[in-house]
>>> print(open('coords_19.cif').read())   # mmCIF, C-alpha atoms
data_final
#
loop_
_atom_site.label_atom_id
_atom_site.label_comp_id
_atom_site.auth_asym_id
_atom_site.auth_seq_id
_atom_site.Cartn_x
_atom_site.Cartn_y
_atom_site.Cartn_z
CA MET A 1 0.00 0.00 0.00
CA LYS A 2 1.32 3.43 -0.89
CA ILE A 3 2.48 5.74 1.89
CA ALA A 4 0.12 8.46 0.64
CA ASN A 5 -2.85 6.10 1.00
CA LEU A 6 -1.71 5.15 4.49
CA PHE A 7 -1.62 8.83 5.48
CA LEU A 8 -5.11 9.37 4.04
CA ILE A 9 -6.48 6.40 5.99
CA ALA A 10 -4.75 7.62 9.17
CA LEU A 11 -6.12 11.12 8.62
CA LYS A 12 -9.67 9.80 8.25
CA ALA A 13 -9.27 7.75 11.42
CA LEU A 14 -8.14 10.84 13.34
CA ARG A 15 -11.01 12.91 11.97
CA ARG A 16 -13.49 10.36 13.29
CA ASN A 17 -12.20 11.01 16.84
CA LYS A 18 -10.99 14.61 16.77
CA LEU A 19 -11.28 15.29 20.50
CA ARG A 20 -9.57 12.03 21.45
CA ALA A 21 -6.76 12.73 18.96
CA LEU A 22 -6.31 16.24 20.38
CA LEU A 23 -6.17 14.96 23.96
CA THR A 24 -3.65 12.31 22.86
CA MET A 25 -1.48 15.01 21.31
CA LEU A 26 -1.61 17.18 24.44
CA GLY A 27 1.42 15.61 26.11
CA ILE A 28 3.47 15.99 22.91
CA ILE A 29 2.28 19.59 22.44
CA ILE A 30 3.19 20.60 26.02
CA GLY A 31 6.51 18.73 25.86
CA VAL A 32 7.66 20.25 22.56
CA ALA A 33 6.49 23.77 23.49
CA SER A 34 8.31 23.51 26.84
CA VAL A 35 11.52 22.26 25.27
CA ILE A 36 11.60 25.07 22.68
CA ALA A 37 10.75 27.74 25.28
CA MET A 38 13.33 26.44 27.79
CA VAL A 39 16.08 26.20 25.17
CA ALA A 40 15.16 29.70 23.90
CA ILE A 41 15.46 31.12 27.44
CA GLY A 42 18.76 29.30 28.02
CA GLN A 43 20.25 30.36 24.69
CA GLY A 44 19.00 33.93 25.16
CA SER A 45 20.52 34.15 28.64
CA LYS A 46 23.80 32.73 27.38
CA LYS A 47 24.03 35.24 24.54
CA SER A 48 23.03 38.10 26.83
CA ILE A 49 25.80 37.19 29.30
CA GLN A 50 28.36 36.86 26.51
CA ASP A 51 27.35 40.25 25.10
CA GLN A 52 27.54 41.90 28.52
CA LEU A 53 30.96 40.41 29.27
CA SER A 54 32.18 41.38 25.81
CA SER A 55 30.98 44.93 26.47
CA MET A 56 33.53 45.03 29.30
CA GLY A 57 36.29 44.39 26.74
CA SER A 58 36.47 41.04 24.95
CA ASN A 59 40.30 40.90 25.07
CA MET A 60 40.58 42.32 28.56
CA ILE A 61 42.82 40.69 31.15
CA THR A 62 42.48 41.66 34.81
CA ILE A 63 45.30 41.30 37.32
CA ARG A 64 44.26 41.48 40.97
CA PRO A 65 46.03 41.14 44.32
CA ASN A 66 45.79 37.65 45.75
CA SER A 67 46.08 36.44 49.30
CA ASN A 68 49.09 34.22 49.91
CA VAL A 69 50.49 32.73 53.11
CA THR A 70 52.71 35.17 55.01
CA ALA A 71 54.53 33.93 58.13
CA GLY A 72 52.09 31.02 58.30
CA ALA A 73 49.01 33.23 58.12
CA ARG A 74 46.75 33.84 55.11
CA LEU A 75 45.63 37.46 54.89
CA ASP A 76 42.10 38.55 54.11
CA ILE A 77 41.85 39.21 50.37
CA SER A 78 40.31 42.65 50.92
CA SER A 79 43.39 43.83 52.83
CA VAL A 80 45.97 42.48 50.38
CA GLN A 81 48.11 45.12 48.67
CA THR A 82 50.61 43.60 46.30
CA LEU A 83 50.25 45.54 43.05
CA THR A 84 52.20 48.73 42.38
CA LEU A 85 53.12 50.93 39.43
CA SER A 86 56.41 49.04 39.14
CA ASP A 87 54.38 45.98 38.07
CA VAL A 88 52.76 48.05 35.33
CA GLU A 89 56.17 49.24 34.17
CA ALA A 90 57.51 45.65 34.17
CA LEU A 91 54.58 44.48 32.06
CA LYS A 92 54.98 47.37 29.62
CA LYS A 93 58.68 46.67 29.27
CA GLU A 94 58.72 42.87 29.03
CA SER A 95 55.40 41.76 27.57
CA ASN A 96 55.20 40.72 23.92
CA TYR A 97 51.45 40.16 23.71
CA LEU A 98 49.88 43.13 25.52
CA ASN A 99 48.95 46.17 23.45
CA ALA A 100 47.46 48.26 26.29
CA ILE A 101 48.00 48.33 30.05
CA SER A 102 46.35 50.48 32.68
CA PRO A 103 46.74 50.66 36.46
CA ALA A 104 43.49 51.10 38.36
CA VAL A 105 42.62 52.59 41.71
CA SER A 106 39.13 53.42 42.85
CA SER A 107 37.24 55.14 45.59
CA LYS A 108 33.61 55.57 46.51
CA GLY A 109 32.24 58.97 47.32
CA GLN A 110 29.69 61.68 46.62
CA ALA A 111 29.67 63.54 43.33
CA ILE A 112 28.35 67.06 43.89
CA ASN A 113 27.16 69.66 41.42
CA GLY A 114 25.76 72.67 43.27
CA ALA A 115 22.80 71.48 45.29
CA LEU A 116 22.66 68.11 43.51
CA ASN A 117 24.68 65.09 44.64
CA TRP A 118 24.95 61.43 43.76
CA PRO A 119 26.80 58.51 45.43
CA THR A 120 29.13 56.92 42.91
CA SER A 121 32.68 55.64 42.45
CA MET A 122 35.76 57.18 40.87
CA GLN A 123 38.11 54.99 38.86
CA GLY A 124 41.70 56.19 38.46
CA VAL A 125 43.23 54.79 35.26
CA SER A 126 45.67 55.56 32.46
CA VAL A 127 44.92 56.77 28.93
CA ASP A 128 44.84 53.13 27.74
CA TYR A 129 41.80 52.25 29.87
CA LEU A 130 39.15 53.30 27.36
CA LYS A 131 40.94 51.29 24.66
CA ILE A 132 41.06 48.20 26.90
CA ARG A 133 37.36 48.51 27.76
CA ASP A 134 36.45 49.36 24.15
CA TRP A 135 34.58 52.34 25.57
CA PRO A 136 34.01 55.32 23.23
CA LEU A 137 33.13 58.84 24.32
CA LYS A 138 29.68 60.26 23.70
CA GLU A 139 30.92 63.85 23.94
CA GLY A 140 34.11 65.73 24.75
CA ILE A 141 37.67 64.41 24.83
CA ALA A 142 39.64 61.86 26.87
CA PHE A 143 42.42 62.92 29.21
CA ARG A 144 46.03 62.77 27.93
CA GLU A 145 49.40 61.54 29.20
CA SER A 146 50.20 65.10 30.28
CA ASP A 147 47.11 65.03 32.57
CA VAL A 148 48.42 61.80 34.11
CA HIS A 149 51.94 63.17 34.64
CA THR A 150 50.68 66.37 36.28
CA ALA A 151 47.85 64.66 38.24
CA ASN A 152 45.44 67.06 36.60
CA LYS A 153 41.98 67.25 38.14
CA VAL A 154 39.99 66.34 35.03
CA CYS A 155 37.44 63.58 34.64
CA LEU A 156 35.05 61.69 32.37
CA ILE A 157 31.60 60.87 33.67
CA GLY A 158 29.13 58.09 32.91
CA GLN A 159 25.55 58.61 31.77
CA THR A 160 24.05 57.71 35.18
CA VAL A 161 26.09 60.47 36.83
CA VAL A 162 24.99 62.88 34.09
CA ASP A 163 21.34 62.00 34.62
CA ASN A 164 21.51 62.58 38.37
CA ILE A 165 23.59 65.73 38.78
CA PHE A 166 23.06 67.39 35.40
CA PRO A 167 19.30 67.14 34.82
CA TYR A 168 17.19 69.29 32.51
CA GLY A 169 19.58 68.94 29.53
CA VAL A 170 22.47 70.90 31.06
CA ASN A 171 25.72 70.21 29.17
CA PRO A 172 28.27 68.85 31.70
CA ILE A 173 31.34 69.48 29.48
CA GLY A 174 33.53 72.13 31.10
CA GLN A 175 31.55 72.09 34.36
CA ILE A 176 33.24 71.62 37.75
CA ILE A 177 31.99 68.87 40.07
CA ARG A 178 33.31 67.93 43.50
CA PHE A 179 34.14 64.35 44.45
CA ASN A 180 35.01 63.83 48.11
CA LYS A 181 35.48 67.63 48.31
CA ILE A 182 38.05 67.64 45.46
CA PRO A 183 37.03 69.72 42.41
CA PHE A 184 37.26 68.02 38.99
CA ARG A 185 36.64 69.56 35.57
CA ILE A 186 34.51 67.41 33.27
CA ILE A 187 36.12 67.01 29.84
CA GLY A 188 34.10 64.10 28.44
CA ILE A 189 30.98 61.97 28.73
CA LEU A 190 31.21 58.20 28.31
CA GLU A 191 28.98 56.30 25.90
CA SER A 192 26.29 54.38 27.81
CA LYS A 193 27.08 50.68 28.43
CA GLY A 194 24.22 49.61 30.71
CA GLU A 195 24.47 46.84 33.28
CA ASN A 196 27.23 44.24 33.17
CA ALA A 197 26.82 40.50 33.71
CA PHE A 198 26.95 41.00 37.49
CA GLY A 199 24.05 43.48 37.42
CA GLN A 200 26.28 46.49 38.08
CA ASP A 201 25.52 49.78 36.36
CA GLN A 202 28.64 50.45 34.26
CA ASP A 203 27.51 54.04 33.62
CA ASP A 204 27.54 54.95 37.32
CA ILE A 205 31.20 55.95 37.27
CA ILE A 206 33.65 58.84 37.12
CA ILE A 207 36.99 58.20 35.42
CA ALA A 208 40.09 60.29 36.18
CA PRO A 209 43.89 59.92 35.80
CA TYR A 210 45.18 57.32 38.27
CA SER A 211 47.87 59.72 39.49
CA THR A 212 45.18 62.23 40.45
CA VAL A 213 43.15 59.64 42.35
CA GLN A 214 46.22 58.25 44.13
CA LYS A 215 47.50 61.69 45.11
CA ARG A 216 44.25 63.47 45.99
CA ILE A 217 41.74 60.74 46.90
CA THR A 218 43.22 57.42 48.09
CA ASN A 219 46.68 58.66 49.17
CA SER A 220 48.11 55.18 48.52
CA ILE A 221 50.87 53.83 46.29
CA TYR A 222 49.12 50.47 45.83
CA LEU A 223 46.85 49.52 42.95
CA GLN A 224 43.55 47.66 43.20
CA ASN A 225 43.76 46.21 39.69
CA ILE A 226 45.85 46.22 36.55
CA TYR A 227 43.89 46.01 33.30
CA ALA A 228 45.48 44.88 30.05
CA SER A 229 44.39 43.75 26.61
CA THR A 230 45.80 41.80 23.70
CA VAL A 231 45.47 42.50 20.00
CA ASN A 232 42.98 39.65 19.62
CA GLU A 233 41.33 36.97 21.75
CA SER A 234 43.54 34.19 20.41
CA GLN A 235 46.53 35.68 22.23
CA THR A 236 44.93 35.95 25.67
CA GLN A 237 46.20 32.58 26.92
CA LEU A 238 49.76 33.32 25.74
CA ALA A 239 49.52 36.75 27.35
CA THR A 240 48.22 35.25 30.60
CA ASP A 241 51.15 32.82 30.84
CA GLU A 242 53.55 35.64 30.08
CA ILE A 243 51.97 37.95 32.69
CA GLU A 244 52.32 35.28 35.38
CA GLN A 245 56.03 34.87 34.64
CA ILE A 246 56.69 38.63 34.59
CA MET A 247 54.73 39.21 37.79
CA ARG A 248 56.42 36.36 39.67
CA THR A 249 59.81 37.72 38.66
CA ALA A 250 58.82 41.28 39.61
CA HIS A 251 57.57 40.08 43.02
CA ARG A 252 60.67 37.89 43.49
CA LEU A 253 58.59 34.82 44.22
CA LYS A 254 60.42 31.51 44.61
CA ALA A 255 59.29 28.31 42.89
CA LYS A 256 57.55 27.06 46.05
CA ASP A 257 55.78 30.39 46.72
CA GLU A 258 52.14 30.90 45.79
CA ASP A 259 51.20 33.73 43.45
CA ASP A 260 50.35 36.92 45.36
CA PHE A 261 48.25 38.02 42.36
CA SER A 262 45.59 36.47 40.16
CA VAL A 263 45.08 36.79 36.42
CA ARG A 264 41.60 36.52 34.91
CA THR A 265 40.49 36.81 31.30
CA GLN A 266 37.06 37.62 29.88
CA ALA A 267 37.12 34.25 28.10
CA GLU A 268 37.28 32.50 31.49
CA LEU A 269 34.30 34.48 32.75
CA ILE A 270 32.36 33.81 29.55
CA ASN A 271 33.11 30.07 29.79
CA THR A 272 32.10 29.98 33.46
CA PHE A 273 28.79 31.75 32.88
CA SER A 274 28.15 29.79 29.68
CA SER A 275 28.73 26.47 31.46
CA THR A 276 26.28 27.43 34.21
CA SER A 277 23.70 28.59 31.68
CA GLN A 278 24.19 25.42 29.62
CA LEU A 279 23.72 23.23 32.69
CA LEU A 280 20.46 24.97 33.59
CA THR A 281 19.25 24.67 30.00
CA VAL A 282 19.95 20.93 29.94
CA LEU A 283 18.22 20.50 33.31
CA LEU A 284 15.11 22.42 32.26
CA THR A 285 15.01 20.66 28.89
CA ALA A 286 15.26 17.27 30.60
CA ILE A 287 12.32 18.20 32.84
CA SER A 288 10.36 19.29 29.78
CA GLY A 289 11.30 16.01 28.10
CA ILE A 290 9.25 14.17 30.72
CA SER A 291 6.15 15.61 29.06
CA LEU A 292 7.29 14.08 25.78
CA LEU A 293 7.63 10.70 27.49
CA ILE A 294 4.14 11.03 28.98
CA GLY A 295 2.85 12.09 25.56
CA GLY A 296 4.43 9.01 23.99
CA ILE A 297 2.82 6.74 26.58
CA GLY A 298 -0.50 8.43 25.81
CA ILE A 299 -0.05 7.64 22.11
CA MET A 300 0.72 4.00 22.89
CA ASN A 301 -2.35 3.75 25.13
CA ILE A 302 -4.71 5.28 22.59
CA MET A 303 -3.30 3.15 19.79
CA TYR A 304 -3.95 -0.03 21.81
CA VAL A 305 -7.54 1.17 22.32
CA SER A 306 -7.82 1.94 18.60
CA VAL A 307 -6.57 -1.53 17.63
CA THR A 308 -9.15 -3.13 19.93
CA GLU A 309 -11.97 -0.95 18.61
CA ARG A 310 -11.06 -1.64 14.99
CA THR A 311 -10.36 -5.36 15.25
CA LYS A 312 -13.21 -6.19 12.87
CA GLU A 313 -11.93 -3.59 10.38
CA ILE A 314 -8.48 -5.20 10.56
CA GLY A 315 -10.01 -8.64 9.96
CA LEU A 316 -11.97 -7.30 6.97
CA ARG A 317 -8.84 -5.71 5.44
CA MET A 318 -6.91 -8.93 5.87
CA SER A 319 -9.72 -10.97 4.31
CA ILE A 320 -9.61 -8.89 1.13
CA GLY A 321 -5.82 -9.16 0.71
CA ALA A 322 -4.03 -6.89 3.20
CA ASN A 323 -1.08 -8.59 4.81
CA GLY A 324 0.45 -8.08 8.26
CA ARG A 325 2.95 -5.50 6.99
CA ASP A 326 0.13 -3.36 5.54
CA ILE A 327 -1.73 -3.39 8.86
CA LEU A 328 1.47 -2.61 10.78
CA MET A 329 2.25 0.33 8.50
CA GLN A 330 -1.35 1.60 8.73
CA PHE A 331 -1.31 1.90 12.52
CA LEU A 332 2.32 3.03 12.65
CA VAL A 333 1.59 5.88 10.22
CA GLU A 334 -1.41 6.84 12.36
CA ALA A 335 0.77 7.01 15.50
CA ILE A 336 3.44 9.04 13.67
CA LEU A 337 0.77 11.40 12.31
CA ILE A 338 -0.56 12.04 15.84
CA SER A 339 2.96 12.65 17.13
CA LEU A 340 4.08 14.93 14.28
CA THR A 341 0.86 16.97 14.33
CA GLY A 342 1.26 17.44 18.07
CA GLY A 343 4.91 18.34 17.50
CA LEU A 344 4.08 21.00 14.89
CA ILE A 345 1.46 22.57 17.18
CA GLY A 346 4.00 22.43 20.03
CA ILE A 347 6.65 24.15 17.90
CA VAL A 348 4.28 27.01 17.05
CA LEU A 349 3.23 27.37 20.71
CA GLY A 350 6.86 27.16 21.90
CA ILE A 351 7.95 29.96 19.55
CA ALA A 352 4.94 32.06 20.57
CA ALA A 353 5.67 31.42 24.28
CA SER A 354 9.31 32.50 23.80
CA GLU A 355 8.25 35.75 22.15
CA LEU A 356 5.66 36.44 24.87
CA ILE A 357 8.22 35.77 27.64
CA GLN A 358 10.61 38.25 26.04
CA PHE A 359 7.86 40.82 25.52
CA PHE A 360 6.15 40.69 28.92
CA LEU A 361 8.94 39.50 31.27
CA HIS A 362 11.85 41.10 29.35
CA TRP A 363 13.85 37.87 29.60
CA PRO A 364 16.23 37.49 26.66
CA THR A 365 15.25 34.54 24.46
CA LEU A 366 16.88 33.12 21.38
CA ILE A 367 14.99 30.53 19.35
CA SER A 368 17.42 27.94 18.15
CA GLU A 369 16.86 26.23 14.78
CA SER A 370 18.53 23.13 16.16
CA SER A 371 15.99 22.92 19.03
CA VAL A 372 13.11 23.11 16.52
CA ILE A 373 14.65 20.41 14.31
CA PHE A 374 15.53 18.30 17.35
CA SER A 375 11.97 18.56 18.71
CA PHE A 376 10.51 17.55 15.34
CA LEU A 377 12.82 14.51 15.12
CA VAL A 378 12.01 13.51 18.71
CA CYS A 379 8.30 13.65 17.83
CA ALA A 380 8.85 11.37 14.84
CA ILE A 381 10.89 8.92 16.94
CA THR A 382 8.29 9.06 19.73
CA GLY A 383 5.54 8.20 17.25
CA ILE A 384 7.52 5.27 15.83
CA PHE A 385 8.66 3.95 19.22
CA PHE A 386 5.35 4.16 21.07
CA GLY A 387 3.21 3.31 18.04
CA TYR A 388 5.18 0.25 16.95
CA TYR A 389 3.97 -2.24 19.55
CA PRO A 390 0.21 -1.55 19.12
CA ALA A 391 0.74 -1.69 15.34
CA LEU A 392 2.65 -4.97 15.71
CA LYS A 393 -0.20 -6.40 17.78
CA ALA A 394 -2.68 -5.42 15.07
CA SER A 395 -0.54 -6.96 12.31
CA LYS A 396 -0.43 -10.31 14.10
CA LEU A 397 -4.19 -10.68 14.53
CA ASP A 398 -5.78 -13.77 13.01
CA PRO A 399 -8.21 -12.65 10.24
CA ILE A 400 -10.93 -15.13 11.21
CA GLU A 401 -10.77 -14.33 14.94
CA ALA A 402 -10.68 -10.64 14.12
CA LEU A 403 -13.84 -10.87 12.00
CA HIS A 404 -15.68 -12.61 14.87
CA PHE A 405 -14.39 -10.21 17.53
CA GLU A 406 -17.16 -8.62 19.65
#
>>> encode(input="coords_19.cif", output="structure tokens")
Amino acid sequence: MKIANLFLIALKALRRNKLRALLTMLGIIIGVASVIAMVAIGQGSKKSIQDQLSSMGSNMITIRPNSNVTAGARLDISSVQTLTLSDVEALKKESNYLNAISPAVSSKGQAINGALNWPTSMQGVSVDYLKIRDWPLKEGIAFRESDVHTANKVCLIGQTVVDNIFPYGVNPIGQIIRFNKIPFRIIGILESKGENAFGQDQDDIIIAPYSTVQKRITNSIYLQNIYASTVNESQTQLATDEIEQIMRTAHRLKAKDEDDFSVRTQAELINTFSSTSQLLTVLLTAISGISLLIGGIGIMNIMYVSVTERTKEIGLRMSIGANGRDILMQFLVEAILISLTGGLIGIVLGIAASELIQFFLHWPTLISESSVIFSFLVCAITGIFFGYYPALKASKLDPIEALHFE
């Protein structure tokens, strides 16, 4: 019997029991829709995290102080001060892979413009910082090397600071603000970056020369971070290995000594967040897959019922020439048709659910073509697997007993 005829017979059988067919498909519909929606949420979250981390500088490498054992005691990480400007100079002099390096010191305080004030943080960096962070200016100019050498009191401000102490469209360029009672002249406004992957507002910041912040705000020779970047991402691992060697030599650490610094790359952060997101996606998809299993069991159950109800029909078909293979194919095609129809409805509902989640809950979603194809294939396999045994039972019926079945 031709496949097309089998599909027509299966379609007629489903039409005779529309409500029962719909209820049978329900498990498949819910399972497929859930899988597509869960994968879309997982993929959307993963891409959002990658974009946010990349916005911090895709080639950026961060060097931080690290707590090591001193005289048998391990110091609290917050009190560790091991990075100085001499480390920056050593990296500039000896590194072959870094194309930009910036020391960083920071302080929290109150930014004041007349009667308006806003709690924020000031980051003291070099002229390379904006290049490392891939952070353009919205207006104005960046500070220069001469500002760093003379510890000039100039600054760049983020959009959040602008919104809070320069409301009503006032142009901040050239204005004087006070930070921890120190006056700074605004020479530029940073392009807005939004929140980073840790939920921190990147625009709530004031950037000034590190020499100015060290001399007038923190009064400390130590650095809180050193930021660096490579020409491209492929060199970050080579640069990391090189940084560790240069820093250990600069800090005169012996072979048995632990590093008193740590080196982190954006790629490590992206991999860490991506692994977590991937794990959650797999977990949620597996939970959704239970609905597919239940849907498959529903198909098997309803197909057994259908075989019993149509035993006389099977006997009649066999008596006029149909063989066991024809009967098996007839019921198998019917089970596959139920499964695939449910799968198609589930795909449409899953895509719609993903769009609605993004629209109403503002969760990033990304519909993956592979998840749609995978769901469709799973539906086909579910139909074959759970429909085979009822179809096999039907194909092995004795024609005479089937015709006399009551």
>>> atom_distance(input="coords_19.cif", atom1="CA of Lys256 in chain A", atom2="CA of Asn225 in chain A")
24.4 Å
>>> residues_around(input="coords_19.cif", residues="range 7-14 of chain A", least_positions_apart="4", cutoff="10 Å", atoms="all atoms listed in the file", output="PyMOL selection string")
chain A and resi 2-3+18-22+306+329-338
>>> closest_atom_pairs(input="coords_19.cif", of="range 125-200 of chain A", to="range 207-219 of chain A", cutoff="7 Å", atoms="all atoms listed in the file", output="tab-separated table")
residue	atom	partner	partner_atom	distance
A:Val125	CA	A:Tyr210	CA	4.4
A:Ser126	CA	A:Pro209	CA	5.8
A:Asp147	CA	A:Pro209	CA	6.8
A:Val148	CA	A:Pro209	CA	5.2
A:Ala151	CA	A:Thr212	CA	4.2
A:Asn152	CA	A:Thr212	CA	6.2
A:Lys153	CA	A:Thr212	CA	6.4
A:Val154	CA	A:Ala208	CA	6.2
A:Cys155	CA	A:Ala208	CA	4.5
A:Leu156	CA	A:Ile207	CA	5.0
A:Ile157	CA	A:Ile207	CA	6.3
>>> closest_residue(input="coords_19.cif", among="A:Glu369, A:Ser339, A:Arg248, A:Arg185", to="Ile29 in chain A", atoms="only C-alpha atoms")
A:Ser339
>>> residues_around(input="coords_19.cif", residues="Ser354 in chain A", least_positions_apart="4", cutoff="8 Å", atoms="all atoms listed in the file", output="list in words")
Ile36, Ala37, Ala40, Ile41, Gly350, Gln358, Thr365, Leu366 and Ile367 of chain A
>>> closest_residue(input="coords_19.cif", among="A:Ile243, A:Ile226, A:Leu130, A:Ile351", to="Gly188 in chain A", atoms="all atoms listed in the file")
A:Leu130
>>> closest_atom_pairs(input="coords_19.cif", of="range 4-42 of chain A", to="range 292-304 of chain A", cutoff="8 Å", atoms="all atoms listed in the file", output="tab-separated table")
residue	atom	partner	partner_atom	distance
A:Thr24	CA	A:Gly298	CA	5.8
A:Met25	CA	A:Gly295	CA	6.7
A:Leu26	CA	A:Gly295	CA	6.9
A:Gly27	CA	A:Gly295	CA	3.8
A:Ile28	CA	A:Gly295	CA	4.8
A:Ile30	CA	A:Leu292	CA	7.7
A:Gly31	CA	A:Leu292	CA	4.7
A:Val32	CA	A:Leu292	CA	7.0
>>> residues_around(input="coords_19.cif", residues="range 86-95 of chain A", least_positions_apart="2", cutoff="9 Å", atoms="all atoms listed in the file", output="CSV table (one decimal) with C-alpha atoms, in the coordinates of the input")
chain,number,residue,atom,x,y,z
A,83,LEU,CA,50.2,45.5,43.0
A,84,THR,CA,52.2,48.7,42.4
A,97,TYR,CA,51.4,40.2,23.7
A,98,LEU,CA,49.9,43.1,25.5
A,99,ASN,CA,49.0,46.2,23.4
A,100,ALA,CA,47.5,48.3,26.3
A,101,ILE,CA,48.0,48.3,30.0
A,102,SER,CA,46.4,50.5,32.7
A,103,PRO,CA,46.7,50.7,36.5
A,226,ILE,CA,45.8,46.2,36.6
A,239,ALA,CA,49.5,36.8,27.4
A,242,GLU,CA,53.6,35.6,30.1
A,243,ILE,CA,52.0,38.0,32.7
A,246,ILE,CA,56.7,38.6,34.6
A,247,MET,CA,54.7,39.2,37.8
A,250,ALA,CA,58.8,41.3,39.6
A,251,HIS,CA,57.6,40.1,43.0
>>> atom_distance(input="coords_19.cif", atom1="CA of Pro65 in chain A", atom2="CA of Phe273 in chain A")
22.7 Å
>>> resolve_selection(input="coords_19.cif", expression="the PyMOL selection byres ((chain A and resi 179) around 9)", output="MDAnalysis selection string")
chainID A and resid 109:112 122 177:178 180:184 217
>>> write_last_selection(input="coords_19.cif", atoms="C-alpha atoms", output="PDB file, in the frame of the given file")
ATOM      1  CA  GLY A 109      32.240  58.970  47.320  1.00  0.00           C
ATOM      2  CA  GLN A 110      29.690  61.680  46.620  1.00  0.00           C
ATOM      3  CA  ALA A 111      29.670  63.540  43.330  1.00  0.00           C
ATOM      4  CA  ILE A 112      28.350  67.060  43.890  1.00  0.00           C
ATOM      5  CA  MET A 122      35.760  57.180  40.870  1.00  0.00           C
ATOM      6  CA  ILE A 177      31.990  68.870  40.070  1.00  0.00           C
ATOM      7  CA  ARG A 178      33.310  67.930  43.500  1.00  0.00           C
ATOM      8  CA  ASN A 180      35.010  63.830  48.110  1.00  0.00           C
ATOM      9  CA  LYS A 181      35.480  67.630  48.310  1.00  0.00           C
ATOM     10  CA  ILE A 182      38.050  67.640  45.460  1.00  0.00           C
ATOM     11  CA  PRO A 183      37.030  69.720  42.410  1.00  0.00           C
ATOM     12  CA  PHE A 184      37.260  68.020  38.990  1.00  0.00           C
ATOM     13  CA  ILE A 217      41.740  60.740  46.900  1.00  0.00           C
TER      14      ILE A 217
END
>>> resolve_selection(input="coords_19.cif", expression="the PyMOL selection byres ((chain A and resi 275-286) around 10)", output="PDB file with C-alpha atoms, in the frame of the given file")
ATOM      1  CA  GLY A  31       6.510  18.730  25.860  1.00  0.00           C
ATOM      2  CA  VAL A  32       7.660  20.250  22.560  1.00  0.00           C
ATOM      3  CA  SER A  34       8.310  23.510  26.840  1.00  0.00           C
ATOM      4  CA  VAL A  35      11.520  22.260  25.270  1.00  0.00           C
ATOM      5  CA  ILE A  36      11.600  25.070  22.680  1.00  0.00           C
ATOM      6  CA  ALA A  37      10.750  27.740  25.280  1.00  0.00           C
ATOM      7  CA  MET A  38      13.330  26.440  27.790  1.00  0.00           C
ATOM      8  CA  VAL A  39      16.080  26.200  25.170  1.00  0.00           C
ATOM      9  CA  ALA A  40      15.160  29.700  23.900  1.00  0.00           C
ATOM     10  CA  ILE A  41      15.460  31.120  27.440  1.00  0.00           C
ATOM     11  CA  GLY A  42      18.760  29.300  28.020  1.00  0.00           C
ATOM     12  CA  GLN A  43      20.250  30.360  24.690  1.00  0.00           C
ATOM     13  CA  GLY A  44      19.000  33.930  25.160  1.00  0.00           C
ATOM     14  CA  SER A  45      20.520  34.150  28.640  1.00  0.00           C
ATOM     15  CA  LYS A  46      23.800  32.730  27.380  1.00  0.00           C
ATOM     16  CA  LYS A  47      24.030  35.240  24.540  1.00  0.00           C
ATOM     17  CA  ILE A  49      25.800  37.190  29.300  1.00  0.00           C
ATOM     18  CA  LEU A 269      34.300  34.480  32.750  1.00  0.00           C
ATOM     19  CA  ILE A 270      32.360  33.810  29.550  1.00  0.00           C
ATOM     20  CA  ASN A 271      33.110  30.070  29.790  1.00  0.00           C
ATOM     21  CA  THR A 272      32.100  29.980  33.460  1.00  0.00           C
ATOM     22  CA  PHE A 273      28.790  31.750  32.880  1.00  0.00           C
ATOM     23  CA  SER A 274      28.150  29.790  29.680  1.00  0.00           C
ATOM     24  CA  ILE A 287      12.320  18.200  32.840  1.00  0.00           C
ATOM     25  CA  SER A 288      10.360  19.290  29.780  1.00  0.00           C
ATOM     26  CA  GLY A 289      11.300  16.010  28.100  1.00  0.00           C
ATOM     27  CA  ILE A 290       9.250  14.170  30.720  1.00  0.00           C
ATOM     28  CA  SER A 291       6.150  15.610  29.060  1.00  0.00           C
ATOM     29  CA  LEU A 292       7.290  14.080  25.780  1.00  0.00           C
TER      30      LEU A 292
END
>>> axis_aligned_box(input="coords_19.cif", around="range 109-125 of chain A", padding_each_side="4 Å", output="AutoDock Vina command-line options")
--center_x 32.9 --center_y 63.7 --center_z 41.3 --size_x 28.6 --size_y 25.9 --size_z 20.1
>>> closest_residue(input="coords_19.cif", among="A:Gly174, A:Gly321, A:Pro364, A:Gly158", to="Gly194 in chain A", atoms="all atoms listed in the file")
A:Gly158
>>> residues_around(input="coords_19.cif", residues="Leu316 in chain A", least_positions_apart="4", cutoff="12 Å", atoms="all atoms listed in the file", output="VMD selection string")
chain A and resid 310 to 312 320 to 323 327 397 to 405
>>> atom_distance(input="coords_19.cif", atom1="CA of Leu85 in chain A", atom2="CA of Asp128 in chain A")
14.5 Å
>>> closest_residue(input="coords_19.cif", among="A:Thr341, A:Gln235, A:Gln224, A:Ser395", to="Phe376 in chain A", atoms="all atoms listed in the file")
A:Thr341
>>> closest_residue(input="coords_19.cif", among="A:Leu392, A:Asp260, A:Pro119, A:Ile63", to="Gly324 in chain A", atoms="only C-alpha atoms")
A:Leu392
>>> closest_residue(input="coords_19.cif", among="A:Asp204, A:Leu361, A:Asn66, A:Ala228", to="Lys108 in chain A", atoms="all atoms listed in the file")
A:Asp204
>>> resolve_selection(input="coords_19.cif", expression="the PyMOL selection byres ((chain A and resi 380) around 9)", output="PyMOL selection string")
chain A and resi 336-337+339-340+343+375-379+381-385
>>> residues_near_point(input="coords_19.cif", point="(29.6, 52.5, 34.7)", cutoff="10 Å", atoms="all atoms listed in the file", output="list in words")
Thr120, Ser121, Met122, Gln123, Ile157, Gly158, Gln159, Thr160, Val161, Leu190, Glu191, Ser192, Lys193, Gly194, Glu195, Asn196, Gln200, Asp201, Gln202, Asp203, Asp204, Ile205, Ile206 and Ile207 of chain A
